[in-house]
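Colleague: Take a look at the following structure, please.
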Amino acid sequence: MGIYIYKTRGVCSRSISVELEGRVIKQVRFVGGCDGNLKGLSQLVAGMDLETVIERVRDVRCENKPTSCPAQLAIALQQAWEAERKKNESRNKCDQELEGV
């Protein structure tokens, strides 16, 4: 578990911080963007499975842009999950090496 920060692209918000507890979204915070909407989105996704959120928001578009803050959240969640898995794999490998000593 940790806080992962994703720098957004092509939207008004500048970054998204994501905190996971396993596959569950513990907390999301946006920096910049439409304050009320993004606070609402953050509260709605808290406690949800990250795959469910990714599936629901990855194709959302904002006006004539090819992306949106929700779509950027999907990318942030994917990257946070990948980083979390890599960290756990590395930790497990170290534990196995220590057990073999």
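Residue numbering restarts at 1 in every chain; chains get A, B, ... in the order shown in the structure tokens, and ligands count up from 1 in that same order.
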Find the residues near A:Ser42: any atom within 7 Å, counting only C-alpha atoms, skip ones fewer than 4 places away on the same chain, and give them as an NGL selection string.
Modeller: :A and (28-29 or 38 or 46)
Colleague: Please identify all polymer residues within 7 Å of A:Phe30, counting only C-alpha atoms, omitting same-chain residues fewer than 2 positions from it, and present them as a ChimeraX atom specification.
Modeller: /A:13,15-17,28,32,38
Colleague: Let me see the file: selected residues, N, CA and C atoms, as an mmCIF file, in the first residue's frame.
Modeller:
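Everything below was put into selection.cif:
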data_model
loop_
_atom_site.group_PDB
_atom_site.id
_atom_site.type_symbol
_atom_site.label_atom_id
_atom_site.label_comp_id
_atom_site.auth_asym_id
_atom_site.auth_seq_id
_atom_site.Cartn_x
_atom_site.Cartn_y
_atom_site.Cartn_z
ATOM 1 N N SER A 13 -7.308 18.950 -14.776
ATOM 2 C CA SER A 13 -6.613 18.574 -13.538
ATOM 3 C C SER A 13 -5.139 18.316 -13.854
ATOM 4 N N SER A 15 -2.894 16.520 -11.615
ATOM 5 C CA SER A 15 -2.430 15.221 -11.129
ATOM 6 C C SER A 15 -3.536 14.532 -10.339
ATOM 7 N N ILE A 16 -3.329 13.224 -10.154
ATOM 8 C CA ILE A 16 -4.261 12.415 -9.373
ATOM 9 C C ILE A 16 -3.433 11.569 -8.416
ATOM 10 N N SER A 17 -3.784 11.596 -7.134
ATOM 11 C CA SER A 17 -3.136 10.685 -6.188
ATOM 12 C C SER A 17 -4.132 9.581 -5.851
ATOM 13 N N VAL A 28 -8.867 8.778 -3.453
ATOM 14 C CA VAL A 28 -8.442 9.439 -4.685
ATOM 15 C C VAL A 28 -8.510 10.934 -4.441
ATOM 16 N N GLY A 32 -6.352 20.345 -9.140
ATOM 17 C CA GLY A 32 -6.843 21.127 -10.273
ATOM 18 C C GLY A 32 -8.118 20.514 -10.832
ATOM 19 N N LEU A 38 -14.899 16.632 -9.254
ATOM 20 C CA LEU A 38 -13.824 15.685 -8.958
ATOM 21 C C LEU A 38 -13.850 15.226 -7.503
#
Colleague: What are the DSSP strand (DSSP E or B) residues of chain A, as a PyMOL selection string?
Modeller: chain A and resi 3-7+13-21+24-32+49
Colleague: Check chain A with DSSP on the backbone and list each residue it calls helix (DSSP H, G or I), as a CSV table (one decimal) with N, CA and C atoms, in the first residue's frame.
Modeller:
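To be explicit, this is the file written out as part26.csv:
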chain,number,residue,atom,x,y,z
A,35,ASP,N,-13.5,21.3,-9.3
A,35,ASP,CA,-13.4,21.0,-7.9
A,35,ASP,C,-14.5,20.1,-7.4
A,36,GLY,N,-15.7,20.6,-7.6
A,36,GLY,CA,-16.9,19.9,-7.0
A,36,GLY,C,-17.1,18.5,-7.7
A,37,ASN,N,-17.0,18.5,-9.0
A,37,ASN,CA,-17.2,17.2,-9.7
A,37,ASN,C,-16.1,16.2,-9.4
A,38,LEU,N,-14.9,16.6,-9.3
A,38,LEU,CA,-13.8,15.7,-9.0
A,38,LEU,C,-13.9,15.2,-7.5
A,39,LYS,N,-14.3,16.1,-6.6
A,39,LYS,CA,-14.5,15.7,-5.2
A,39,LYS,C,-15.6,14.6,-5.1
A,40,GLY,N,-16.7,14.9,-5.9
A,40,GLY,CA,-17.8,13.9,-5.9
A,40,GLY,C,-17.3,12.6,-6.5
A,41,LEU,N,-16.6,12.6,-7.6
A,41,LEU,CA,-16.1,11.4,-8.2
A,41,LEU,C,-15.2,10.6,-7.3
A,42,SER,N,-14.3,11.3,-6.6
A,42,SER,CA,-13.4,10.7,-5.6
A,42,SER,C,-14.2,10.0,-4.5
A,43,GLN,N,-15.3,10.6,-4.0
A,43,GLN,CA,-16.1,10.0,-3.0
A,43,GLN,C,-16.8,8.8,-3.5
A,44,LEU,N,-17.3,8.9,-4.7
A,44,LEU,CA,-18.1,7.8,-5.3
A,44,LEU,C,-17.2,6.5,-5.5
A,45,VAL,N,-16.0,6.7,-5.9
A,45,VAL,CA,-15.1,5.5,-6.1
A,45,VAL,C,-14.5,4.9,-4.9
A,50,LEU,N,-11.1,-1.6,-8.1
A,50,LEU,CA,-10.5,-0.8,-9.1
A,50,LEU,C,-10.9,-1.2,-10.5
A,51,GLU,N,-11.0,-2.5,-10.8
A,51,GLU,CA,-11.4,-2.9,-12.1
A,51,GLU,C,-12.8,-2.4,-12.5
A,52,THR,N,-13.7,-2.4,-11.5
A,52,THR,CA,-15.1,-1.9,-11.8
A,52,THR,C,-15.0,-0.4,-12.2
A,53,VAL,N,-14.2,0.4,-11.5
A,53,VAL,CA,-14.1,1.8,-11.8
A,53,VAL,C,-13.4,2.0,-13.2
A,54,ILE,N,-12.3,1.3,-13.4
A,54,ILE,CA,-11.6,1.4,-14.7
A,54,ILE,C,-12.6,1.1,-15.9
A,55,GLU,N,-13.3,0.0,-15.8
A,55,GLU,CA,-14.3,-0.3,-16.8
A,55,GLU,C,-15.3,0.8,-17.1
A,56,ARG,N,-15.8,1.4,-16.0
A,56,ARG,CA,-16.8,2.4,-16.1
A,56,ARG,C,-16.4,3.7,-16.6
A,57,VAL,N,-15.1,4.1,-16.3
A,57,VAL,CA,-14.7,5.5,-16.7
A,57,VAL,C,-13.7,5.6,-17.8
A,69,CYS,N,-11.0,13.7,-17.1
A,69,CYS,CA,-10.5,13.4,-15.8
A,69,CYS,C,-10.9,12.0,-15.3
A,70,PRO,N,-12.1,11.5,-15.6
A,70,PRO,CA,-12.4,10.1,-15.2
A,70,PRO,C,-11.6,9.1,-16.0
A,71,ALA,N,-11.3,9.4,-17.3
A,71,ALA,CA,-10.5,8.5,-18.1
A,71,ALA,C,-9.1,8.5,-17.6
A,72,GLN,N,-8.6,9.7,-17.2
A,72,GLN,CA,-7.2,9.8,-16.6
A,72,GLN,C,-7.2,9.0,-15.3
A,73,LEU,N,-8.3,9.0,-14.5
A,73,LEU,CA,-8.3,8.2,-13.3
A,73,LEU,C,-8.2,6.7,-13.6
A,74,ALA,N,-8.8,6.3,-14.7
A,74,ALA,CA,-8.6,4.9,-15.1
A,74,ALA,C,-7.2,4.5,-15.3
A,75,ILE,N,-6.5,5.4,-16.0
A,75,ILE,CA,-5.0,5.2,-16.3
A,75,ILE,C,-4.2,5.2,-15.0
A,76,ALA,N,-4.6,6.2,-14.1
A,76,ALA,CA,-3.9,6.3,-12.8
A,76,ALA,C,-4.1,5.0,-12.0
A,77,LEU,N,-5.3,4.5,-12.0
A,77,LEU,CA,-5.6,3.2,-11.2
A,77,LEU,C,-4.8,2.1,-11.8
A,78,GLN,N,-4.8,2.0,-13.1
A,78,GLN,CA,-4.0,0.9,-13.8
A,78,GLN,C,-2.6,0.9,-13.4
A,79,GLN,N,-2.0,2.1,-13.5
A,79,GLN,CA,-0.6,2.3,-13.1
A,79,GLN,C,-0.3,2.0,-11.7
A,80,ALA,N,-1.2,2.5,-10.8
A,80,ALA,CA,-1.0,2.2,-9.3
A,80,ALA,C,-1.1,0.7,-9.0
A,81,TRP,N,-2.0,0.0,-9.7
A,81,TRP,CA,-2.1,-1.4,-9.5
A,81,TRP,C,-0.9,-2.1,-9.9
A,82,GLU,N,-0.4,-1.8,-11.1
A,82,GLU,CA,0.8,-2.4,-11.6
A,82,GLU,C,2.0,-2.2,-10.7
A,83,ALA,N,2.1,-0.9,-10.2
A,83,ALA,CA,3.2,-0.6,-9.3
A,83,ALA,C,3.1,-1.4,-8.0
A,84,GLU,N,1.8,-1.5,-7.5
A,84,GLU,CA,1.6,-2.3,-6.3
A,84,GLU,C,1.9,-3.8,-6.5
A,85,ARG,N,1.6,-4.3,-7.6
A,85,ARG,CA,1.9,-5.7,-7.9
A,85,ARG,C,3.4,-6.0,-8.0
A,86,LYS,N,4.1,-5.1,-8.6
A,86,LYS,CA,5.6,-5.2,-8.8
A,86,LYS,C,6.2,-5.1,-7.4
A,87,LYS,N,5.7,-4.2,-6.6
A,87,LYS,CA,6.3,-4.0,-5.2
A,87,LYS,C,6.1,-5.3,-4.4
A,88,ASN,N,4.9,-5.9,-4.5
A,88,ASN,CA,4.6,-7.1,-3.8
A,88,ASN,C,5.4,-8.3,-4.3
A,89,GLU,N,5.6,-8.4,-5.6
A,89,GLU,CA,6.4,-9.4,-6.2
A,89,GLU,C,7.9,-9.3,-5.7
A,90,SER,N,8.4,-8.1,-5.7
A,90,SER,CA,9.7,-7.9,-5.2
A,90,SER,C,9.9,-8.3,-3.8
A,91,ARG,N,8.9,-7.9,-3.0
A,91,ARG,CA,8.9,-8.2,-1.5
A,91,ARG,C,8.9,-9.7,-1.3
A,92,ASN,N,8.0,-10.4,-2.1
A,92,ASN,CA,7.9,-11.9,-2.0
A,92,ASN,C,9.2,-12.5,-2.4
A,93,LYS,N,9.9,-12.0,-3.4
A,93,LYS,CA,11.2,-12.6,-3.9
A,93,LYS,C,12.2,-12.4,-2.8
A,94,CYS,N,12.3,-11.3,-2.1
A,94,CYS,CA,13.2,-11.0,-1.1
A,94,CYS,C,12.9,-12.0,0.1
A,95,ASP,N,11.7,-12.1,0.5
A,95,ASP,CA,11.3,-13.0,1.6
A,95,ASP,C,11.7,-14.5,1.3
A,96,GLN,N,11.5,-14.9,0.0
A,96,GLN,CA,11.9,-16.3,-0.3
A,96,GLN,C,13.4,-16.4,-0.3
A,97,GLU,N,14.2,-15.4,-0.7
A,97,GLU,CA,15.7,-15.5,-0.6
A,97,GLU,C,16.1,-15.5,0.8
A,98,LEU,N,15.5,-14.8,1.7
A,98,LEU,CA,15.8,-14.8,3.1
A,98,LEU,C,15.5,-16.1,3.8
A,99,GLU,N,14.4,-16.8,3.4
A,99,GLU,CA,14.1,-18.1,3.9
A,99,GLU,C,15.1,-19.1,3.5
Colleague: From the options A:Val31, A:Val60, A:Ile5, A:Ser68, which residue's atoms come nearest to A:Glu19, counting only C-alpha atoms?
Modeller: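 The closest residue to A:Glu19 is A:Ile5.
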Colleague: Leaving out A:Asp49 and any residue of its chain fewer than 6 positions from it, which residues lie within 7 Å of it when counting only C-alpha atoms, given as a list of chain:residue names?
Modeller: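 So, after excluding close chain neighbours, the residues are A:Arg23, A:Val24, A:Ile25.
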Colleague: For A:Gln27, which of A:Lys65, A:Lys7, A:Gly2, A:Cys12 is the closest residue, counting only C-alpha atoms?
Modeller: A:Gly2
Colleague: Could you work out how far atom CA of A:Ile3 lies from atom CA of A:Gly22, giving the answer in Å with one decimal?
Modeller: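 Computing it gives 12.3 Å between the two atoms.
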